[in-house]
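target21.cif follows; it contains mmCIF, C-alpha atoms and all ligand atoms.
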data_structure
loop_
_atom_site.label_atom_id
_atom_site.label_comp_id
_atom_site.auth_asym_id
_atom_site.auth_seq_id
_atom_site.Cartn_x
_atom_site.Cartn_y
_atom_site.Cartn_z
CA MET A 981 92.76 -27.48 98.80
CA ARG A 982 92.62 -30.93 100.33
CA GLN A 983 94.72 -31.18 103.46
CA SER A 984 95.67 -34.74 102.52
CA HIS A 985 97.51 -33.21 99.54
CA LEU A 986 99.28 -30.54 101.54
CA PHE A 987 102.88 -31.69 101.89
CA THR A 988 103.48 -29.73 105.08
CA LYS A 989 102.68 -31.27 108.42
CA THR A 990 102.13 -29.71 111.79
CA ARG A 991 104.59 -30.49 114.53
CA LYS A 992 104.42 -30.53 118.30
CA THR A 993 107.62 -28.62 118.91
CA ALA A 994 109.64 -25.90 117.23
CA PRO A 995 113.40 -26.15 116.60
CA LYS A 996 115.30 -25.63 119.86
CA ASP A 997 117.27 -22.68 118.53
CA GLU A 998 114.11 -20.80 117.59
CA VAL A 999 113.31 -18.38 120.39
CA ALA A 1000 110.69 -16.12 118.83
CA LYS A 1001 107.04 -16.99 119.34
CA ASN A 1002 106.06 -15.93 115.82
CA ALA A 1003 108.57 -18.28 114.17
CA GLN A 1004 107.87 -21.10 116.63
CA LEU A 1005 104.17 -21.07 115.83
CA LEU A 1006 104.66 -20.55 112.10
CA ILE A 1007 107.12 -23.45 111.91
CA ARG A 1008 104.92 -25.73 114.00
CA ALA A 1009 101.88 -24.96 111.86
CA GLY A 1010 103.81 -25.46 108.61
CA PHE A 1011 103.80 -21.87 107.31
CA ILE A 1012 107.56 -21.37 107.14
CA HIS A 1013 110.79 -23.34 107.13
CA LYS A 1014 113.89 -22.12 108.91
CA GLU A 1015 116.89 -22.25 106.63
CA MET A 1016 119.24 -20.59 109.15
CA ALA A 1017 119.07 -17.73 111.66
CA GLY A 1018 117.05 -14.90 110.13
CA VAL A 1019 116.44 -16.79 106.88
CA TYR A 1020 113.08 -18.44 106.29
CA SER A 1021 111.31 -20.11 103.38
CA TYR A 1022 107.59 -19.52 102.92
CA LEU A 1023 105.62 -22.74 102.43
CA PRO A 1024 102.20 -22.97 100.73
CA LEU A 1025 100.23 -21.79 103.79
CA GLY A 1026 102.73 -19.05 104.59
CA LEU A 1027 102.89 -17.87 101.01
CA ARG A 1028 99.12 -17.42 100.95
CA VAL A 1029 99.32 -15.09 103.96
CA VAL A 1030 102.24 -13.13 102.49
CA GLU A 1031 100.31 -12.71 99.23
CA LYS A 1032 97.22 -11.50 101.09
CA ILE A 1033 99.18 -8.92 103.03
CA LYS A 1034 100.81 -7.81 99.77
CA GLN A 1035 97.44 -7.51 98.05
CA ILE A 1036 96.10 -5.22 100.78
CA VAL A 1037 99.22 -3.06 100.54
CA ARG A 1038 99.00 -3.11 96.73
CA GLU A 1039 95.41 -1.87 96.76
CA GLU A 1040 96.24 0.98 99.12
CA MET A 1041 99.35 2.03 97.18
CA ASN A 1042 97.46 1.89 93.88
CA ALA A 1043 94.83 4.10 95.51
CA ILE A 1044 97.45 6.85 95.92
CA ALA A 1045 98.42 6.50 92.26
CA SER A 1046 101.61 4.55 92.76
CA GLN A 1047 102.76 2.20 90.00
CA GLU A 1048 104.12 -1.26 90.71
CA LEU A 1049 107.45 -2.42 89.32
CA ILE A 1050 110.28 -4.63 90.47
CA MET A 1051 113.93 -3.68 90.70
CA THR A 1052 116.97 -5.94 90.73
CA ALA A 1053 118.60 -7.52 93.76
CA LEU A 1054 122.12 -6.94 92.40
CA GLN A 1055 123.25 -3.35 92.69
CA LYS A 1056 126.06 -1.21 91.33
CA LYS A 1057 128.78 -0.15 93.73
CA GLU A 1058 129.45 3.14 91.88
CA LEU A 1059 125.89 4.29 92.48
CA TRP A 1060 126.10 3.91 96.24
CA GLU A 1061 129.56 5.46 96.31
CA ARG A 1062 128.11 8.61 94.77
CA THR A 1063 125.82 9.06 97.79
CA ASP A 1064 128.51 7.85 100.20
CA ARG A 1065 126.50 4.78 101.26
CA TRP A 1066 128.73 1.99 99.92
CA SER A 1067 131.07 1.78 102.87
CA ASP A 1068 130.33 -0.73 105.64
CA GLU A 1069 131.03 2.00 108.18
CA VAL A 1070 128.10 4.03 106.84
CA VAL A 1071 125.72 1.13 106.05
CA ASP A 1072 126.35 -1.78 108.40
CA VAL A 1073 123.97 -4.32 106.79
CA TRP A 1074 125.53 -4.73 103.34
CA PHE A 1075 125.96 -8.13 101.77
CA LYS A 1076 128.49 -7.71 98.96
CA SER A 1077 130.06 -9.96 96.39
CA GLU A 1078 132.57 -9.91 93.55
CA LEU A 1079 131.90 -10.37 89.87
CA LYS A 1080 134.03 -13.00 88.11
CA ALA A 1081 134.70 -10.45 85.41
CA GLY A 1082 136.03 -8.09 88.08
CA GLY A 1083 134.38 -5.46 90.25
CA GLU A 1084 132.06 -5.54 93.23
CA VAL A 1085 128.28 -5.69 93.51
CA GLY A 1086 125.96 -5.18 96.45
CA PHE A 1087 122.81 -7.13 97.31
CA GLY A 1088 119.89 -4.73 97.61
CA TRP A 1089 119.10 -3.79 101.19
CA SER A 1090 117.19 -0.70 99.92
CA HIS A 1091 116.57 0.86 96.52
CA GLU A 1092 116.62 4.67 96.69
CA GLU A 1093 119.86 4.96 94.72
CA PRO A 1094 119.08 2.50 91.87
CA ILE A 1095 115.56 3.81 91.48
CA GLY A 1096 116.68 7.43 91.43
CA GLU A 1097 119.30 6.56 88.82
CA MET A 1098 116.80 4.66 86.69
CA MET A 1099 114.37 7.58 86.82
CA LYS A 1100 116.90 9.75 84.96
CA ASN A 1101 115.70 7.88 81.88
CA PHE A 1102 112.14 9.05 82.39
CA ILE A 1103 112.26 12.39 84.20
CA THR A 1104 113.57 15.42 82.33
CA SER A 1105 110.98 18.09 83.02
CA TYR A 1106 108.49 19.13 85.69
CA ARG A 1107 105.86 17.96 83.18
CA ASP A 1108 106.96 14.36 83.84
CA LEU A 1109 106.14 14.73 87.55
CA PRO A 1110 104.80 13.72 90.02
CA ILE A 1111 105.64 10.00 89.89
CA SER A 1112 105.29 7.35 92.55
CA VAL A 1113 106.48 3.77 92.15
CA TYR A 1114 106.60 0.79 94.47
CA GLN A 1115 107.68 -2.81 94.59
CA PHE A 1116 107.53 -5.91 96.73
CA GLN A 1117 111.09 -7.08 96.91
CA THR A 1118 113.20 -9.45 98.89
CA LYS A 1119 115.75 -7.35 100.72
CA LEU A 1120 119.01 -8.78 101.93
CA ARG A 1121 120.52 -7.36 105.08
CA ASN A 1122 123.40 -8.59 107.13
CA GLU A 1123 121.62 -7.92 110.42
CA LEU A 1124 123.86 -8.48 113.43
CA ARG A 1125 121.07 -10.00 115.53
CA ALA A 1126 118.32 -12.21 114.17
CA LYS A 1127 116.40 -13.42 117.20
CA SER A 1128 112.95 -12.06 116.43
CA GLY A 1129 111.91 -14.76 113.97
CA ILE A 1130 110.46 -13.34 110.78
CA MET A 1131 110.20 -9.92 112.42
CA ARG A 1132 113.89 -9.41 111.70
CA GLY A 1133 115.16 -11.39 108.78
CA ARG A 1134 118.45 -11.33 106.94
CA GLU A 1135 116.26 -11.94 103.93
CA PHE A 1136 112.75 -10.47 104.07
CA VAL A 1137 109.99 -9.03 101.92
CA MET A 1138 109.53 -5.27 101.98
CA LYS A 1139 107.19 -3.00 100.13
CA ASP A 1140 109.20 0.04 99.22
CA MET A 1141 107.73 3.03 97.48
CA TYR A 1142 109.48 6.10 96.10
CA SER A 1143 107.94 9.43 95.18
CA PHE A 1144 109.31 12.09 92.83
CA ALA A 1145 107.92 15.63 92.68
CA ALA A 1146 108.78 18.88 90.94
CA ASP A 1147 108.19 21.20 93.88
CA GLU A 1148 107.90 21.18 97.64
CA LYS A 1149 104.15 21.65 97.69
CA SER A 1150 103.27 18.60 95.62
CA HIS A 1151 106.02 16.64 97.34
CA LEU A 1152 104.59 17.32 100.79
CA ALA A 1153 101.05 16.68 99.61
CA TYR A 1154 102.10 13.23 98.47
CA TYR A 1155 104.03 12.56 101.66
CA GLU A 1156 100.93 13.43 103.68
CA SER A 1157 98.70 11.20 101.52
CA ALA A 1158 100.89 8.22 102.38
CA LYS A 1159 99.94 8.44 106.07
CA PRO A 1160 96.22 7.59 105.73
CA ALA A 1161 97.07 5.03 103.03
CA TYR A 1162 99.40 3.33 105.50
CA MET A 1163 96.85 3.48 108.30
CA ASN A 1164 94.28 1.88 105.98
CA VAL A 1165 96.66 -1.04 105.52
CA PHE A 1166 97.08 -1.49 109.26
CA LYS A 1167 93.34 -1.18 109.89
CA ARG A 1168 92.61 -3.85 107.32
CA LEU A 1169 95.13 -6.12 109.06
CA GLY A 1170 93.36 -5.64 112.39
CA ILE A 1171 96.13 -3.63 114.04
CA GLY A 1172 94.86 -0.12 113.28
CA ASP A 1173 94.03 0.66 116.91
CA ASP A 1174 97.47 -0.46 118.07
CA THR A 1175 99.52 1.25 115.39
CA TYR A 1176 100.84 4.76 116.00
CA ILE A 1177 102.31 7.32 113.67
CA THR A 1178 105.52 7.93 115.52
CA PHE A 1179 107.96 10.81 115.36
CA ALA A 1180 111.46 9.45 114.88
CA ALA A 1181 114.88 10.74 113.91
CA GLY A 1182 114.83 12.47 110.55
CA GLY A 1183 117.46 12.97 107.93
CA ALA A 1184 119.27 15.81 106.27
CA PHE A 1185 116.09 17.57 105.23
CA THR A 1186 113.52 17.17 107.98
CA LYS A 1187 113.71 17.16 111.71
CA PHE A 1188 111.58 14.01 111.97
CA SER A 1189 110.76 10.98 109.93
CA HIS A 1190 107.55 9.09 110.60
CA GLU A 1191 107.48 5.51 111.72
CA PHE A 1192 104.45 3.30 112.07
CA GLN A 1193 104.90 1.49 115.34
CA THR A 1194 102.61 -1.31 116.48
CA VAL A 1195 102.31 -2.03 120.18
CA CYS A 1196 103.80 -5.51 120.55
CA GLU A 1197 105.48 -7.07 123.58
CA THR A 1198 108.25 -8.58 121.52
CA GLY A 1199 108.86 -5.53 119.37
CA GLU A 1200 112.43 -4.24 119.41
CA ASP A 1201 111.61 -0.54 119.69
CA VAL A 1202 110.69 1.54 122.71
CA THR A 1203 108.02 4.10 121.98
CA TYR A 1204 106.18 6.69 124.05
CA ILE A 1205 102.54 6.74 123.06
CA ASP A 1206 99.72 9.17 123.78
CA ARG A 1207 96.67 6.92 123.56
CA LYS A 1208 94.19 9.81 123.54
CA LYS A 1209 95.88 11.85 120.82
CA LYS A 1210 96.89 8.67 118.93
CA ILE A 1211 100.40 9.93 118.39
CA ALA A 1212 103.78 8.66 119.54
CA ILE A 1213 107.44 9.50 119.90
CA ASN A 1214 110.36 7.15 119.40
CA GLU A 1215 112.56 7.23 122.49
CA GLU A 1216 115.50 8.34 120.32
CA VAL A 1217 113.91 11.79 119.87
CA LEU A 1218 112.18 12.11 123.24
CA ASN A 1219 113.19 15.41 124.83
CA ASP A 1220 111.59 18.61 126.12
CA GLU A 1221 111.95 20.38 122.80
CA THR A 1222 110.22 17.62 120.83
CA LEU A 1223 107.43 17.41 123.39
CA SER A 1224 106.69 21.12 123.23
CA ASN A 1225 106.97 21.11 119.40
CA LEU A 1226 104.34 18.40 119.24
CA GLY A 1227 102.18 19.81 122.02
CA LEU A 1228 102.55 16.68 124.14
CA LYS A 1229 102.99 16.30 127.89
CA HIS A 1230 105.39 13.76 129.35
CA ASP A 1231 102.74 12.66 131.86
CA ASP A 1232 100.32 11.69 129.09
CA LEU A 1233 102.85 9.35 127.52
CA GLU A 1234 103.06 5.65 128.13
CA LYS A 1235 106.28 3.74 127.52
CA VAL A 1236 105.62 0.60 125.44
CA SER A 1237 107.46 -1.96 123.34
CA THR A 1238 106.61 -1.68 119.67
CA ALA A 1239 107.51 -3.15 116.32
CA GLU A 1240 108.22 -0.81 113.43
CA VAL A 1241 105.91 -2.05 110.69
CA GLY A 1242 106.59 0.82 108.32
CA ASN A 1243 108.17 4.20 107.92
CA ILE A 1244 108.13 7.17 105.62
CA PHE A 1245 111.05 9.39 104.91
CA ASN A 1246 111.34 12.80 103.33
CA PHE A 1247 114.61 13.36 101.42
CA GLY A 1248 113.80 16.85 100.25
CA GLN A 1249 116.00 17.52 97.21
CA GLN A 1250 119.14 16.09 98.78
CA LYS A 1251 119.01 12.57 97.37
CA ALA A 1252 118.34 13.76 93.82
CA GLU A 1253 121.11 16.32 94.13
CA ASP A 1254 123.59 13.59 95.13
CA LEU A 1255 122.41 11.39 92.28
CA GLY A 1256 122.12 14.14 89.68
CA LEU A 1257 118.41 13.51 89.11
CA LEU A 1258 117.24 16.82 87.67
CA ALA A 1259 114.04 18.12 86.09
CA LYS A 1260 113.65 21.36 84.16
CA ASP A 1261 111.34 23.78 85.98
CA LYS A 1262 108.89 26.17 84.29
CA ASP A 1263 111.73 28.57 83.47
CA GLY A 1264 113.81 25.80 81.91
CA LYS A 1265 116.21 25.64 84.87
CA ASP A 1266 117.57 22.25 85.97
CA THR A 1267 116.28 21.51 89.49
CA PRO A 1268 116.88 18.48 91.75
CA VAL A 1269 113.74 16.41 92.13
CA TRP A 1270 111.98 16.18 95.53
CA MET A 1271 112.07 12.60 96.76
CA GLY A 1272 110.42 10.53 99.47
CA SER A 1273 110.74 6.86 100.41
CA TYR A 1274 108.09 4.75 102.09
CA GLY A 1275 108.65 1.27 103.51
CA ILE A 1276 106.40 -1.46 104.89
CA GLY A 1277 107.80 -4.68 106.29
CA ILE A 1278 105.56 -7.31 104.72
CA THR A 1279 107.02 -10.36 106.42
CA ARG A 1280 107.61 -8.44 109.65
CA LEU A 1281 103.89 -7.62 109.62
CA MET A 1282 103.09 -11.30 109.32
CA GLY A 1283 105.25 -11.94 112.38
CA VAL A 1284 103.58 -9.12 114.31
CA LEU A 1285 100.15 -10.55 113.49
CA VAL A 1286 101.17 -13.93 114.90
CA GLU A 1287 102.67 -12.33 118.02
CA LYS A 1288 99.49 -10.36 118.65
CA PHE A 1289 96.88 -12.80 117.45
CA SER A 1290 97.62 -16.20 118.96
CA ASP A 1291 96.65 -18.19 122.03
CA ASP A 1292 97.85 -21.33 123.78
CA LYS A 1293 96.40 -23.45 120.96
CA GLY A 1294 97.96 -21.65 118.04
CA ILE A 1295 97.58 -18.82 115.56
CA VAL A 1296 94.41 -16.74 115.23
CA TRP A 1297 94.55 -15.12 111.78
CA PRO A 1298 92.53 -11.97 111.13
CA LYS A 1299 89.94 -12.72 108.44
CA SER A 1300 91.61 -10.37 105.96
CA VAL A 1301 94.80 -12.46 105.73
CA SER A 1302 93.66 -15.90 106.86
CA PRO A 1303 95.33 -18.39 104.48
CA PHE A 1304 91.89 -19.76 103.66
CA ALA A 1305 88.45 -18.32 104.44
CA VAL A 1306 87.19 -21.63 105.77
CA HIS A 1307 88.73 -24.71 107.34
CA LEU A 1308 86.36 -27.52 106.48
CA VAL A 1309 86.84 -30.39 108.92
CA SER A 1310 85.15 -33.70 108.36
CA ILE A 1311 84.70 -36.01 111.32
CA ALA A 1312 83.74 -39.13 109.41
CA ALA A 1313 85.44 -41.94 111.33
CA GLY A 1314 85.15 -44.20 108.31
CA ASN A 1315 81.48 -43.40 107.70
CA SER A 1316 81.27 -43.00 103.94
CA ASP A 1317 78.00 -41.02 104.09
CA ILE A 1318 79.71 -38.33 106.14
CA GLU A 1319 82.70 -38.40 103.80
CA LYS A 1320 80.42 -37.93 100.81
CA GLU A 1321 78.60 -35.05 102.46
CA ALA A 1322 81.89 -33.34 103.37
CA ASP A 1323 83.09 -33.80 99.76
CA ARG A 1324 79.88 -32.22 98.56
CA VAL A 1325 80.30 -29.21 100.87
CA TYR A 1326 83.89 -28.88 99.68
CA ASP A 1327 82.74 -28.74 96.04
CA LEU A 1328 79.95 -26.32 96.91
CA LEU A 1329 82.36 -23.87 98.57
CA ARG A 1330 84.80 -24.05 95.68
CA GLU A 1331 82.04 -23.51 93.13
CA ASN A 1332 81.13 -20.39 95.08
CA ASN A 1333 84.72 -19.12 95.15
CA ILE A 1334 85.07 -19.54 98.90
CA GLU A 1335 88.68 -20.40 99.67
CA VAL A 1336 88.67 -23.61 101.64
CA LEU A 1337 91.18 -25.95 103.22
CA TYR A 1338 89.48 -29.32 103.53
CA ASP A 1339 90.72 -31.64 106.26
CA ASP A 1340 89.82 -34.89 104.55
CA ARG A 1341 92.56 -36.86 106.32
CA ASP A 1342 91.90 -40.14 107.98
CA VAL A 1343 93.01 -39.09 111.46
CA ARG A 1344 91.39 -38.76 114.88
CA ALA A 1345 88.99 -35.88 115.52
CA GLY A 1346 91.18 -34.58 118.35
CA GLU A 1347 94.17 -34.34 116.05
CA LYS A 1348 92.13 -32.53 113.40
CA PHE A 1349 90.87 -29.95 115.88
CA ALA A 1350 94.32 -29.41 117.38
CA ASP A 1351 95.80 -28.87 113.92
CA SER A 1352 92.96 -26.59 112.97
CA ASP A 1353 93.54 -24.48 116.09
CA LEU A 1354 97.27 -24.35 115.43
CA ILE A 1355 96.91 -23.32 111.77
CA GLY A 1356 94.41 -20.68 112.82
CA ILE A 1357 92.10 -20.28 109.82
CA SER A 1358 89.52 -17.71 110.92
CA THR A 1359 86.40 -19.84 110.35
CA ARG A 1360 85.93 -23.58 110.91
CA LEU A 1361 83.15 -25.65 109.43
CA VAL A 1362 82.62 -29.09 110.90
CA VAL A 1363 80.74 -31.88 109.16
CA SER A 1364 80.07 -34.84 111.44
CA GLU A 1365 77.47 -37.48 112.12
CA LYS A 1366 76.00 -35.26 114.82
CA THR A 1367 75.67 -32.21 112.57
CA ILE A 1368 74.35 -34.19 109.61
CA SER A 1369 71.66 -35.85 111.66
CA ALA A 1370 70.57 -32.35 112.74
CA GLY A 1371 70.47 -31.29 109.07
CA GLY A 1372 73.50 -29.05 108.88
CA TYR A 1373 76.97 -28.16 110.12
CA GLU A 1374 78.83 -26.48 112.92
CA LEU A 1375 80.39 -23.13 112.21
CA ALA A 1376 83.03 -21.88 114.65
CA ASP A 1377 84.95 -18.66 114.91
CA ARG A 1378 88.63 -19.18 115.72
CA ALA A 1379 88.99 -15.81 117.45
CA THR A 1380 86.04 -16.05 119.84
CA GLY A 1381 85.78 -19.82 119.99
CA LYS A 1382 82.04 -19.43 119.54
CA ALA A 1383 80.32 -22.18 117.60
CA LYS A 1384 76.84 -22.34 116.16
CA PHE A 1385 74.73 -24.68 114.13
CA VAL A 1386 73.95 -23.71 110.54
CA SER A 1387 71.43 -25.45 108.39
CA GLU A 1388 72.34 -26.69 104.95
CA SER A 1389 70.25 -24.00 103.26
CA SER A 1390 71.74 -21.09 105.18
CA LEU A 1391 75.38 -22.17 104.87
CA LEU A 1392 76.45 -19.97 101.97
CA ASN A 1393 74.77 -16.90 103.41
CA GLU A 1394 76.43 -17.49 106.77
CA LEU A 1395 79.86 -17.85 105.18
CA ARG A 1396 79.44 -14.69 103.13
CA LYS A 1397 78.69 -12.60 106.23
P1 LIG A 1401 114.68 -1.44 111.93
O1 LIG A 1401 114.90 -0.20 112.72
O2 LIG A 1401 113.64 -2.32 112.53
O3 LIG A 1401 115.95 -2.15 111.60
P2 LIG A 1401 114.83 0.01 109.50
O4 LIG A 1401 114.82 1.39 110.01
O5 LIG A 1401 116.11 -0.60 109.12
O6 LIG A 1401 114.06 -0.95 110.55
P3 LIG A 1401 113.80 0.44 106.82
O7 LIG A 1401 115.14 0.29 106.24
O8 LIG A 1401 113.20 1.78 106.72
O9 LIG A 1401 113.78 -0.09 108.32
O10 LIG A 1401 112.83 -0.63 106.19
C1 LIG A 1401 111.43 -0.41 106.00
C2 LIG A 1401 110.61 -1.44 106.79
O11 LIG A 1401 111.08 -2.76 106.54
C3 LIG A 1401 110.73 -1.28 108.30
O12 LIG A 1401 109.80 -0.32 108.76
C4 LIG A 1401 110.39 -2.68 108.79
O13 LIG A 1401 109.00 -2.85 108.88
C5 LIG A 1401 110.93 -3.55 107.70
N1 LIG A 1401 112.23 -4.16 108.06
C6 LIG A 1401 113.42 -3.52 108.22
N2 LIG A 1401 114.40 -4.38 108.51
C7 LIG A 1401 113.82 -5.61 108.54
C8 LIG A 1401 114.31 -6.93 108.78
N3 LIG A 1401 115.60 -7.14 109.03
N4 LIG A 1401 113.43 -7.96 108.72
C9 LIG A 1401 112.12 -7.75 108.46
N5 LIG A 1401 111.60 -6.54 108.21
C10 LIG A 1401 112.43 -5.47 108.25
MG MG A 1402 117.37 -1.85 110.19
#
Render the structure in this file as structure tokens.
Ligand code: ATP
Ligand code: MG
Amino acid sequence: MRQSHLFTKTRKTAPKDEVAKNAQLLIRAGFIHKEMAGVYSYLPLGLRVVEKIKQIVREEMNAIASQELIMTALQKKELWERTDRWSDEVVDVWFKSELKAGGEVGFGWSHEEPIGEMMKNFITSYRDLPISVYQFQTKLRNELRAKSGIMRGREFVMKDMYSFAADEKSHLAYYESAKPAYMNVFKRLGIGDDTYITFAAGGAFTKFSHEFQTVCETGEDVTYIDRKKKIAINEEVLNDETLSNLGLKHDDLEKVSTAEVGNIFNFGQQKAEDLGLLAKDKDGKDTPVWMGSYGIGITRLMGVLVEKFSDDKGIVWPKSVSPFAVHLVSIAAGNSDIEKEADRVYDLLRENNIEVLYDDRDVRAGEKFADSDLIGISTRLVVSEKTISAGGYELADRATGKAKFVSESSLLNELRK
């Protein structure tokens, strides 16, 4: 893409009412637009990052045999009444509305109930199981506070997955398989070392649920981590009993701020019982299905990445989700030979399927470099009079700031490294 065609522009300052670093940087660099508190639009650059995060999650969920679908945003009141989750006293984030034809609907803040109900059409016997499905969906939540930028939206993208099993053994096996799949996601995003499987408050069926908490100064959660054992406890369940259950010592724990980037939840048979989702067992007896739910905050993750990977000049995207692989910057200053050479490099990269943002604008070099630092594409390739006269280009790494000269003939090999 040519930067001269990109309609978004960088800006020197963020809106005054925006207090979160992630949103400030993302707005300044032109990744998102703030519609109102907790509500953000994703612009071309931002959308590319969201899609890359989604693709990593998609690959890891497909690898544990989950099937992608997409559910509706409008939800039936009756369904949530059946599980006693319609009332605002029980669920405090509902957005609700009225149908003109009469009756109320809810805007999806989660999908266990609708998905369980839908599955009645497809699950009748243990032979139909196990099943796992997932979606990327825009959730709507009437969050009381929305001061963490895209880390806490009133409208945000979540990956939610739901598993259905005929018996406890296969149910637990699937639940366990989600943990390494989740960790693979976080590793690929560059936050594997800082993300802890965390014991948190459970539900009706299990003592604990598992959260995936990433160490992050601006995270809203307080977590006690054991760096050596790579395990953590949410402060809400920190007590002597939990510690001895998990074989942890209070002295080995470090209190840190974290952001919950995902969680997995074991419903046992309770949810299916409430919903009437039954499967015939081997003896022909109707049995409630074992269910689990598994969330990842896609847009929250994007915010966490910006919080963790940025410096005083701007964002520093990990390679795996950088909006483009290469930021090609031409410093031509009106010299048409340099312009032509930069155009040629641009075509060469595109022909070789290397995603490239090409700063072909007629602006000062200083402005180009400042914008490039702010946008944070992981690799920068500079074409200038100086580099051309030396027979090549300058290749710089946004994360380390290290730059090196690459000759024309070695360019593609260098970029593919
Ligand atoms: P939190 O405690 O942060 O409110 P939650 O317990 O409500 O999270 P879930 O309902 O389980 O979270 O949602 C699954 C995932 O979606 C969370 O782990 C988090 O990463 C993400 N998430 C939850 N609420 C928001 C939000 N308001 N904005 C952005 N992401 C969110
Ligand atoms: Mg919440």
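The space separating atom CA of A:Asn1393 from atom CA of A:Gln983 comes to 24.5 Å.
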Once you count all atoms listed in the file, which residues end up no further than 10 Å from (94.3, -1.1, 100.4) in the file's frame, shown as a ChimeraX atom specification?
/A:1033-1044,1161-1168
What's around A:Ser1300 at 10 Å? Count only C-alpha atoms, leave out sequence neighbours fewer than 3 positions away in its own chain, and write the answer as a ChimeraX atom specification.
/A:1029,1032-1033,1036,1168-1170,1297,1303-1305,1358
Distance filter 10 Å around ligand MG 1402 (chain A), atoms: all atoms listed in the file, out as a VMD selection string:
chain A and resid 1071 to 1073 1089 1121 to 1124 1132 to 1133 1240
So what do you get for atom CA of A:Lys1397 versus atom CA of A:Ile1171, distance-wise?
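Computing it gives 21.1 Å between the two atoms.
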How many Å separate atom CA of A:Gln1193 from atom CA of A:Arg1008?
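Going from atom CA of A:Gln1193 over to atom CA of A:Arg1008, I get 27.3 Å.
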What do you get as a PyMOL selection string if you pick all residues at most 8 Å from ligand LIG 1401 (chain A), counting all atoms listed in the file?
chain A and resi 1018+1089-1090+1121+1123+1126+1130-1140+1191-1192+1200-1201+1239-1244+1274-1281
Taking into account only C-alpha atoms, which residue in the set A:Asp1317, A:Glu1394, A:Asp1292, A:Asp1351 is nearest to A:Ser1369?
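Nearest to A:Ser1369: A:Asp1317.
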Distance query A:Ile1007 at most 10 Å, all atoms listed in the file, self and fewer than 4 positions along chain excluded, as a PyMOL selection string:
chain A and resi 988-995+998+1001-1003+1011-1014+1020+1022-1023+1026
Residue among A:Gly1199, A:Gly1346, A:Gly1294, A:Gly1227 lying closest to A:Ser1310, counting only C-alpha atoms
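The shortest atom-to-atom distance to A:Ser1310 comes from A:Gly1346.
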Excluding A:Ile1334 and its own-chain neighbours fewer than 6 positions away, which residues fall within 10 Å of it when counting all atoms listed in the file? Please give them as a short mmCIF file (atom, residue, chain, number, x, y, z; two decimals) with C-alpha atoms, in the coordinates of the input.
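The result, written out as around28.cif:
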data_model
loop_
_atom_site.label_atom_id
_atom_site.label_comp_id
_atom_site.auth_asym_id
_atom_site.auth_seq_id
_atom_site.Cartn_x
_atom_site.Cartn_y
_atom_site.Cartn_z
CA PHE A 1304 91.89 -19.76 103.66
CA ALA A 1305 88.45 -18.32 104.44
CA VAL A 1306 87.19 -21.63 105.77
CA TYR A 1326 83.89 -28.88 99.68
CA ASP A 1327 82.74 -28.74 96.04
CA LEU A 1328 79.95 -26.32 96.91
CA LEU A 1392 76.45 -19.97 101.97
CA LEU A 1395 79.86 -17.85 105.18
CA ARG A 1396 79.44 -14.69 103.13
#
Quick one: residues within 9 Å of A:Ser1105, only C-alpha atoms, excluding same-chain residues fewer than 4 positions away - as a list in words?
Leu1109, Ala1146, Leu1258, Ala1259, Lys1260, Asp1261, Lys1262, Gly1264 and Asp1266 of chain A
First collect every listed atom of stretch 1122-1126 of chain A; then fit an axis-aligned box around them, widen it by 4 Å on each side, and give centre and edge lengths in Å to one decimal, as lines of an AutoDock Vina configuration file.
center_x = 121.1
center_y = -10.1
center_z = 111.3
size_x = 13.5
size_y = 12.3
size_z = 16.4
Closest to A:Gly1256 among A:Met1098, A:Val1070, A:Ala1081, A:Ile1368, using only C-alpha atoms?
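With only C-alpha atoms as the atom set, the closest residue is A:Met1098.
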Which residue, A:Leu1233, A:Leu1006, A:Ala1252, A:Ile1050, has the smallest gap to A:Glu1097 when you use all atoms listed in the file?
A:Ala1252
Nearest to A:Ile1177: which of A:Ile1211, A:Phe1075, A:Val1202, A:Leu1059 is it, counting only C-alpha atoms?
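Ranked by minimum distance to A:Ile1177, first place goes to A:Ile1211.
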Compile the contact shell of A:Leu1054 as a list in words: residues with an atom at most 10 Å away, counting only C-alpha atoms, same-chain residues fewer than 5 positions apart removed.
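The filter keeps Lys1076, Ser1077, Val1085, Gly1086, Phe1087, Gly1088, Trp1089 and Pro1094 of chain A.
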